[in-house]
Amino acid sequence: MKRLVFAALLMLVSLYCLGPFLWQGLTSLKTAADLTRLPPLLPHPPTLEHYRSIFAGHPLLRIIANSFIVATASTVLALSIGSLAAFALAKLPVPGKGAVLLLVLSTSMFPPIATVSPLYLLIRAAGLRDSPVSLILTYTSFTLPLTLWVLTHFFRNIPDELYRAARIDGCTPWQSFTRIMLPLAAPGIFATAILVFIFSWNEFLFALTFTSTTASRTIPVGIALFPGLHEIPWGEIAAASVVVTLPLLFLVFFFQRRIIEGLTAGAVKG
Amino acid sequence: MTHRKGKEGAFLFLAPALLILAGITLYPLLHVFRLSLHRRLLIFDISRFVGPENYLYLLGDTRFRNALGNTIYFTVLSVLLELLFGLAIALLLNRHFRGKGLMRTIILIPWAIPTVVSARMWEWLYNPDFGLLNHLLGFRINWLGSPFLALNAAVAMDVWKTTPFVALLLTAGLQTIPRDLYGAARIDGAGPWTLFRKITLPLLMPVILVVLLFRTLDAFRVFDAVYVLTGGGPANSTETLSIYAYKILFQTLQFGYGSAISVMVFLCVGLFTLLFIPLLRRRKV
Amino acid sequence: MKGKGLFTSGLFLFFCLLSLPVPGCTGKSAPPDEGVTLVFKHGKIAGDPLPFRQVLQRFEAQNPGIRIQDESLPSSTDEQHQFYVINLEGGTTGFDVFAMDVIWVPEFIRAGWLLDLSRLLSKSEREEFFPGPMKAVTFRDRIYAVPWYIDAGVLYYRKDLLAKYKFSPPATWPELVRIARTVARKEPGLYGYLWQGKQYEGLICDVLEVLWSNGGNVLKDGRVVINSPENIEALTFMRGLITQEGVTPDFVTTATEEPTRHLFGGGRALFMRNWPYAWNLFQREGSKVKGKVGVAPLPAFPGHASASTLGGWQLGINRFSRHPEAAARFIRYMTSPETQKLLSLTIGYKPTRKALYKDPELVASQPFTAALY
């Protein structure tokens with residue numbers, strides 16, 4: 001009985017999360033004429049036309065590659081810089097920790113639409129326009145506050161005794177950071193990494209402003225550039241969102257198994 | 001001696017983060033502050049320092065007040081629901097079962113779809129004629145057409161989209177709670193509700209608070225999701241502060257006034273954070 | 001203490017950034033003797049990109065030494081406007097020629113972002129263009145952009161259904177209501193009249209058209225007359241289309257061009273107000289209304305003239321462009337009668353030169369262009 005309820009709840013949650021996406025998938029298989037008609041619910045007959053056309057006219061793969069590069073670099077940067085700082089804030093004697101945390105947080109209190117203009121000036125002055133580096137730096141700085149706060153919490157949660165024991169055993173702060181703290185905070189690091197990665201993968205406003213050619217264009221802007229003046233090519237957008245979301249999910253799934261389960265299994269026991 | 005060394009070491013750990021933030025976000029912030037003290041209307045070739053004039057004007061601006069109200073409503077409702085759903089999902093997934101990895105991937109889907117696309121997707125779902133929602137419900141509701149429904153429809157979309165954010169972080173938080181705590185309590189005869197109240201909730205509280213803080217900051221600055229969905233309409237009923245600032249900045253090119261609205265957003269969330277921090281402090285013990 | 005240290009390190013980094021070379025701005029344009037690369041920015045083009053590319057290649061063939069780098073922006077005019085504002089405010093050299101919606105031009109002129117193009121068009125040649133867009137690009141007798149193609153609100157109707165019930169396209173609003181009610185009663189599931197009512201600039205266009213078609217206006221002699229009796233009457237009528245007459249479904253208040261275009265294109269509505277772009281989509285292979293659609297000027301109130309928001313796109317030169325000469329030549333080419341005709345035939349961009357509306361070849365392929373003129 002209990003298991004039945006549990007299974008039902010799982011079904012409910014997946015339906016809620018998956019429903020609109022599945023609908024998007026169905027939409028991507030419908031003919032243009034059926035896009036705005038209900039019934040029929042199911043594509044009848046299903047067509048792969050939209051998938052053909054997103055790969056035919058656009059450098060979609062290039063754009064996905066750009067997004068992948070930008071998101072990976074931002075994630076690695078934000079996580080490494082953020083975890084260093086978080087470690088210091090959680091375990092090392094830093095004067096005015098609260099103030100630092102607050103200061104860091106204050107950078108994410110402005111509406112992004114207000115800071116896009118001045119940031120553009122900076123990017124241009126640095127000669128980074130239309131380069132993935134501009135987006136990587138921007139996303140890193142935007143996701144740093146979250147990274148820092150979440151990881152500070154996770155490091156703080158690790159008993160001080162563990163850290164002290166490591167120091168007594170002769171570890172430098174750096175060694176105790178990489179050998180003890182990082183593995184123990186793995187769940188937090190992993191969760192944050194996913195959030196940062198997806199944020200960078202999906203950001204639109206700054207990507208639109210800082211990029212102008214396929215050399216640096218990322219997915220959301222690429223999708224917005226599917227042809228048509230007032231026309232919104234809905235079938236193509238649906239197809240594209242399926243095509244760009246699946247690799248992302250696969251990636252998450254893969255990492256989930258490989259990293260998180262291995263690491264936490266070891267860490268929690270220890 | 002050792003203490004000093006520790007301090008310097010600490011600074012080395014902190015330096016990259018501070019440098020990046022200072023280099024990339026400090027200048028834009030100062031720029032917006034400075035602009036907000038100017039009357040800057042490019043189309044009339046006006047650009048002069050006016051001090052607090054923009055802020056004084058804000059006080060009597062009914063559209064600003066309307067946007068503030070919408071933003072607060074949106075933020076409170078969506079963050080509350082997200083927290084509720086996110087916690088429920090995290091608790092549900094915090095046990096061993098087959099297909100857990102798959103389940104945790106599925107709950108990420110809403111977060112993984114680009115905001116601009118998912119807002120359009122919801123616009124389509126909400127359409128009274130060919131939208132899936134009304135089709136499933138069996139009756140016709142003009143979701144985005146009435147002021148009351150439109151704001152709540154925007155909340156529903158945001159909740160769907162951002163619950164994964166909450167669920168993911170809370171799941172991670174749950175993982176760090178040592179299992180043996182539960183075992184000991186169970187031996188003492190505690191039921192599931194007591195376990196949740198006495199162990200899970202207190203130990204999870206710090207993560208919950210951090211999540212709450214960041215979700216509030218983000219929801220308060222919400223822009224593209226709602227803008228694509230409704231454009232702020234009907235009749236400004238879904239116009240949030242960010243949308244209002246956007247319209248003033250980029251549609252009417254009043255850089256000074258638009259910046260002042262943005263600074264108000266900053267002050268609002270800043271105030272919220274300051275009120276919120278003591279909560280975090282208290283829980284830290 | 002902490003804050004101050006942070007501030008100085010921030011300033012330091014900022015100046016480091018400033019002192020870096022600026023390859024992004026200069027890297028793209030080759031030295032003049034090796035030829036010039038013009039960056040042409042515009043909203044993404046409608047339909048097939050191939051003919052458009054051919055038009056650009058023809059220019060490159062005629063002007064050896066000038067290469068066109070074609071860069072498009074998303075279709076949302078909001079996003080384009082925001083892109084240009086941020087870039088031009090920052091004094092960008094990242095593009096040379098760009099396309100502007102008609103309403104931005106006066107704004108950009110006043111902001112000082114456009115080069116004076118008066119010498120491109122003689123006084124007499126200016127007369128060859130539609131006066132509306134020409135007025136938009138003129139400021140104190142000087143010209144700052146050249147009208148490229150026009151966009152105007154028109155009335156789409158179902159030719160076949162009007163013929164079936166023996167109606168002709170309505171010239172007045174009451175007529176439209178009468179026809180829509182009669183036909184909708186006999187054709188279940190058919191909407192009467194669709195328009196764009198979401199809170200965005202499309203609604204502004206739709207409203208203005210109705211106000212103007214009742215002799216109303218927003219400004220008169222520099223005064224705001226938005227609450228004039230004509231306007232109130234016109235707006236009451238517009239609202240009544242939904243609430244009283246029932247010929248317009250309530251959800252138009254959430255609709256932009258596309259949902260209405262989809263519904264009309266699916267054979268679900270009798271009348272629709274939209275832009276010319278929809279025409280080519282209706283005539284596409286596989287369209288449900290292929291050959292069944294007619295286009296007419298928007299109706300007016302009895303005793304008044306039909307009115308349409310004359311949108312459209314104009315080409316201007318970024319004041320910070322490094323190649324104003326080549327850019328001017330490119331604009332000349334893009335707005336020439338030949339190119340306009342070619343673009344109209346291939347991707348349906350409606351010419352801004354009046355004479356082209358009498359061109360037999362053009363009228364034959366795009367029969368409804370007459371409704372615009």
# chains A, B, ... in the order shown; residues from 1 in each chain; ligands from 1
>>> residues_around(residues="Ala184 in chain C", least_positions_apart="3", cutoff="12 Å", atoms="only C-alpha atoms", output="number ranges by chain")
C: 161-162, 165, 176-181, 187-193, 245-249, 268-271
>>> interface_residues(of="chain B", to="chain C", cutoff="6 Å", atoms="only C-alpha atoms", output="MDAnalysis selection string")
chainID B and resid 22:23 42:43 142 145 231 233:234 250
>>> closest_atom_pairs(of="range 136-232 of chain B", to="range 45-69 of chain B", cutoff="12 Å", atoms="only C-alpha atoms", output="CSV")
residue,atom,partner,partner_atom,distance
B:Leu151,CA,B:Gly69,CA,11.2
B:Phe220,CA,B:Leu68,CA,9.3
B:Arg221,CA,B:Leu68,CA,10.8
B:Val222,CA,B:Ala67,CA,11.7
B:Gly232,CA,B:Ala67,CA,9.4
>>> closest_atom_pairs(of="chain A", to="chain B", cutoff="6 Å", atoms="only C-alpha atoms", output="Markdown table")
| residue | atom | partner | partner_atom | distance |
| --- | --- | --- | --- | --- |
| A:Cys17 | CA | B:Ile107 | CA | 5.7 |
| A:Thr36 | CA | B:Phe130 | CA | 5.3 |
| A:Arg37 | CA | B:Phe130 | CA | 5.4 |
| A:Leu38 | CA | B:Phe130 | CA | 5.5 |
| A:Ile81 | CA | B:Ala17 | CA | 5.6 |
| A:Leu84 | CA | B:Phe13 | CA | 5.1 |
| A:Ala85 | CA | B:Leu14 | CA | 4.3 |
| A:Ala88 | CA | B:Ala10 | CA | 5.2 |
| A:Leu92 | CA | B:Ala10 | CA | 5.9 |
| A:Pro93 | CA | B:Lys7 | CA | 5.9 |
| A:Met109 | CA | B:Phe266 | CA | 5.0 |
| A:Phe110 | CA | B:Phe266 | CA | 5.0 |
| A:Pro111 | CA | B:Arg221 | CA | 5.4 |
| A:Thr115 | CA | B:Pro28 | CA | 5.3 |
| A:Pro118 | CA | B:Pro28 | CA | 4.9 |
| A:Leu119 | CA | B:Pro28 | CA | 5.6 |
| A:Ser141 | CA | B:Leu21 | CA | 5.6 |
| A:Pro187 | CA | B:Ala172 | CA | 5.0 |
| A:Gly188 | CA | B:Ala172 | CA | 5.4 |
| A:Ala191 | CA | B:Leu169 | CA | 5.9 |
| A:Asn202 | CA | B:Pro114 | CA | 4.7 |
| A:Phe253 | CA | B:Thr105 | CA | 5.8 |
>>> interface_residues(of="chain A", to="chain C", cutoff="7 Å", atoms="only C-alpha atoms", output="list in words")
Ala33, Thr36, Ser117, Leu121, Ala125, Ala126, Gly127, Leu128, Arg129, Thr209, Ser212, Thr213, Ala224, Leu225, Pro227, Gly228, Leu229, His230, Glu231 and Ile232 of chain A
>>> closest_residue(among="A:Ala207, A:Leu182, A:Val76, A:Leu35", to="Tyr120 in chain A", atoms="only C-alpha atoms")
A:Ala207
>>> atom_distance(atom1="CA of Phe44 in chain B", atom2="CA of Leu219 in chain C")
18.4 Å
>>> closest_residue(among="B:Pro278, B:Gly189, B:Gly256, B:Pro202", to="Arg34 in chain B", atoms="only C-alpha atoms")
B:Gly256
>>> select_by_dssp(residues="range 75-181 of chain A", states="alpha helix (DSSP H)", output="PyMOL selection string")
chain A and resi 75-91+97-106+112-125+132-157+160-168+173-176
>>> closest_residue(among="B:His38, B:Ala119, B:Arg186, B:Leu136", to="Ala225 in chain B", atoms="only C-alpha atoms")
B:Ala119
